[in-house]
$ cat input-v7.cif   # mmCIF, C-alpha atoms
data_target
#
loop_
_atom_site.group_PDB
_atom_site.id
_atom_site.type_symbol
_atom_site.label_atom_id
_atom_site.label_comp_id
_atom_site.auth_asym_id
_atom_site.auth_seq_id
_atom_site.Cartn_x
_atom_site.Cartn_y
_atom_site.Cartn_z
ATOM 1 C CA MET A 1 23.479 5.144 -9.831
ATOM 2 C CA THR A 2 20.208 6.723 -8.711
ATOM 3 C CA TYR A 3 16.714 5.786 -9.875
ATOM 4 C CA ALA A 4 13.434 7.696 -9.739
ATOM 5 C CA ARG A 5 9.759 6.839 -9.525
ATOM 6 C CA VAL A 6 7.747 9.713 -11.006
ATOM 7 C CA SER A 7 4.002 9.832 -10.451
ATOM 8 C CA THR A 8 1.393 12.313 -11.624
ATOM 9 C CA HIS A 9 -1.274 13.199 -9.066
ATOM 10 C CA GLU A 10 -4.639 14.914 -9.386
ATOM 11 C CA GLY A 11 -5.963 16.230 -6.104
ATOM 12 C CA HIS A 12 -6.796 19.224 -4.025
ATOM 13 C CA ARG A 13 -5.474 22.580 -5.178
ATOM 14 C CA LEU A 14 -4.137 23.624 -1.781
ATOM 15 C CA ARG A 15 -2.455 20.664 -0.149
ATOM 16 C CA ASP A 16 0.741 19.844 1.648
ATOM 17 C CA VAL A 17 2.408 16.448 1.454
ATOM 18 C CA SER A 18 4.703 14.786 3.982
ATOM 19 C CA PRO A 19 7.494 12.408 2.928
ATOM 20 C CA ALA A 20 7.229 10.608 6.296
ATOM 21 C CA PRO A 21 5.632 7.386 4.892
ATOM 22 C CA LEU A 22 8.544 7.039 2.427
ATOM 23 C CA VAL A 23 11.462 7.415 4.834
ATOM 24 C CA GLY A 24 11.288 3.794 6.003
ATOM 25 C CA ILE A 25 11.623 2.314 2.505
ATOM 26 C CA GLU A 26 14.928 0.467 2.099
ATOM 27 C CA GLY A 27 17.068 2.265 -0.480
ATOM 28 C CA TYR A 28 15.086 5.530 -0.229
ATOM 29 C CA ALA A 29 17.332 8.438 -1.281
ATOM 30 C CA GLY A 30 14.968 11.425 -1.079
ATOM 31 C CA SER A 31 11.872 12.840 -2.694
ATOM 32 C CA LEU A 32 10.301 15.916 -4.241
ATOM 33 C CA MET A 33 6.643 16.850 -4.590
ATOM 34 C CA LEU A 34 5.846 19.478 -7.204
ATOM 35 C CA ILE A 35 2.391 21.058 -6.988
ATOM 36 C CA ASP A 36 0.481 23.443 -9.215
ATOM 37 C CA ARG A 37 -1.728 24.971 -6.522
ATOM 38 C CA GLU A 38 -4.115 26.442 -9.104
ATOM 39 C CA THR A 39 -4.958 23.194 -10.917
ATOM 40 C CA GLY A 40 -4.215 20.632 -8.199
ATOM 41 C CA LYS A 41 -1.907 18.656 -10.489
ATOM 42 C CA GLY A 42 1.256 17.363 -8.862
ATOM 43 C CA LEU A 43 4.376 15.371 -9.656
ATOM 44 C CA GLY A 44 5.826 13.084 -7.012
ATOM 45 C CA ILE A 45 9.480 12.179 -7.524
ATOM 46 C CA VAL A 46 10.917 9.523 -5.230
ATOM 47 C CA LEU A 47 14.643 8.751 -5.526
ATOM 48 C CA PHE A 48 16.220 5.376 -4.807
ATOM 49 C CA GLU A 49 19.788 4.110 -4.411
ATOM 50 C CA SER A 50 19.358 1.179 -6.840
ATOM 51 C CA GLU A 51 17.020 -0.160 -9.500
ATOM 52 C CA GLU A 52 16.023 -3.028 -7.202
ATOM 53 C CA ALA A 53 15.167 -0.586 -4.389
ATOM 54 C CA MET A 54 13.116 1.478 -6.850
ATOM 55 C CA ARG A 55 11.109 -1.573 -7.932
ATOM 56 C CA ARG A 56 10.465 -2.603 -4.307
ATOM 57 C CA GLY A 57 9.598 1.001 -3.438
ATOM 58 C CA ASP A 58 7.221 1.212 -6.395
ATOM 59 C CA GLU A 59 5.371 -1.881 -5.183
ATOM 60 C CA TYR A 60 5.151 -0.471 -1.655
ATOM 61 C CA ILE A 61 4.020 3.007 -2.740
ATOM 62 C CA SER A 62 1.494 1.567 -5.212
ATOM 63 C CA SER A 63 -0.119 -0.431 -2.400
ATOM 64 C CA MET A 64 -0.569 2.641 -0.159
ATOM 65 C CA PRO A 65 -3.995 4.281 0.112
ATOM 66 C CA VAL A 66 -4.515 7.607 -1.668
ATOM 67 C CA GLY A 67 -3.288 10.332 0.651
ATOM 68 C CA THR A 68 -3.196 14.095 0.531
ATOM 69 C CA ALA A 69 -1.226 14.033 -2.752
ATOM 70 C CA GLY A 70 -4.403 12.975 -4.542
ATOM 71 C CA GLU A 71 -5.169 10.160 -6.939
ATOM 72 C CA VAL A 72 -2.231 8.849 -8.985
ATOM 73 C CA THR A 73 -3.030 9.115 -12.692
ATOM 74 C CA SER A 74 0.291 7.772 -14.020
ATOM 75 C CA THR A 75 3.580 6.348 -12.782
ATOM 76 C CA GLU A 76 6.883 5.962 -14.622
ATOM 77 C CA LEU A 77 10.287 4.612 -13.569
ATOM 78 C CA TYR A 78 13.551 6.262 -14.620
ATOM 79 C CA GLU A 79 17.305 6.059 -14.275
ATOM 80 C CA VAL A 80 18.680 9.410 -13.101
ATOM 81 C CA VAL A 81 21.493 10.430 -15.455
ATOM 82 C CA ALA A 82 22.203 13.900 -14.021
ATOM 83 C CA GLN A 83 21.626 15.240 -10.524
ATOM 84 C CA THR A 84 22.615 18.644 -9.163
ATOM 85 C CA LEU A 85 20.484 19.011 -6.029
ATOM 86 C CA SER A 86 22.362 20.297 -3.011
#
$ encode --input "input-v7.cif" --output "structure tokens"
Amino acid sequence: MTYARVSTHEGHRLRDVSPAPLVGIEGYAGSLMLIDRETGKGLGIVLFESEEAMRRGDEYISSMPVGTAGEVTSTELYEVVAQTLS
């Protein structure tokens, strides 16, 4: 089973985000950052190997300072029920 932390970000219109701070999180299974370069709105999707890892990861990510992704305006936790990334 895979789990996802999805956060909405408001920030700079032209920005690039590195997943480097996330790689060390136990149970980290990958991430995506979706950016609308015109409005600056972004969605950060961080995948985890278990629900427990997702909850620990959420605590860790929530404690991090605001980076280049911009201010987090909402965060939601999900169970991934279909995944076709290759």
$ resolve_selection --input "input-v7.cif" --expression "the PyMOL selection byres ((chain A and resi 27-43) around 6)" --output "MDAnalysis selection string"
chainID A and resid 7:14 25:26 44:49 53
$ atom_distance --input "input-v7.cif" --atom1 "atom CA of Ser86 of chain A" --atom2 "atom CA of Val72 of chain A"
27.8 Å
$ residues_near_point --input "input-v7.cif" --point "(9.0, 2.7, -6.9)" --cutoff "10 Å" --atoms "only C-alpha atoms" --output "ChimeraX atom specification"
/A:3-7,25,28,45-48,51-62,75-78
$ atom_distance --input "input-v7.cif" --atom1 "atom CA of Ser50 of chain A" --atom2 "atom CA of Val80 of chain A"
10.4 Å
$ atom_distance --input "input-v7.cif" --atom1 "atom CA of Gln83 of chain A" --atom2 "atom CA of Glu71 of chain A"
27.5 Å
$ closest_residue --input "input-v7.cif" --among "A:Pro21, A:Ala82, A:Ser63, A:Ser74" --to "Thr2 of chain A" --atoms "only C-alpha atoms"
A:Ala82
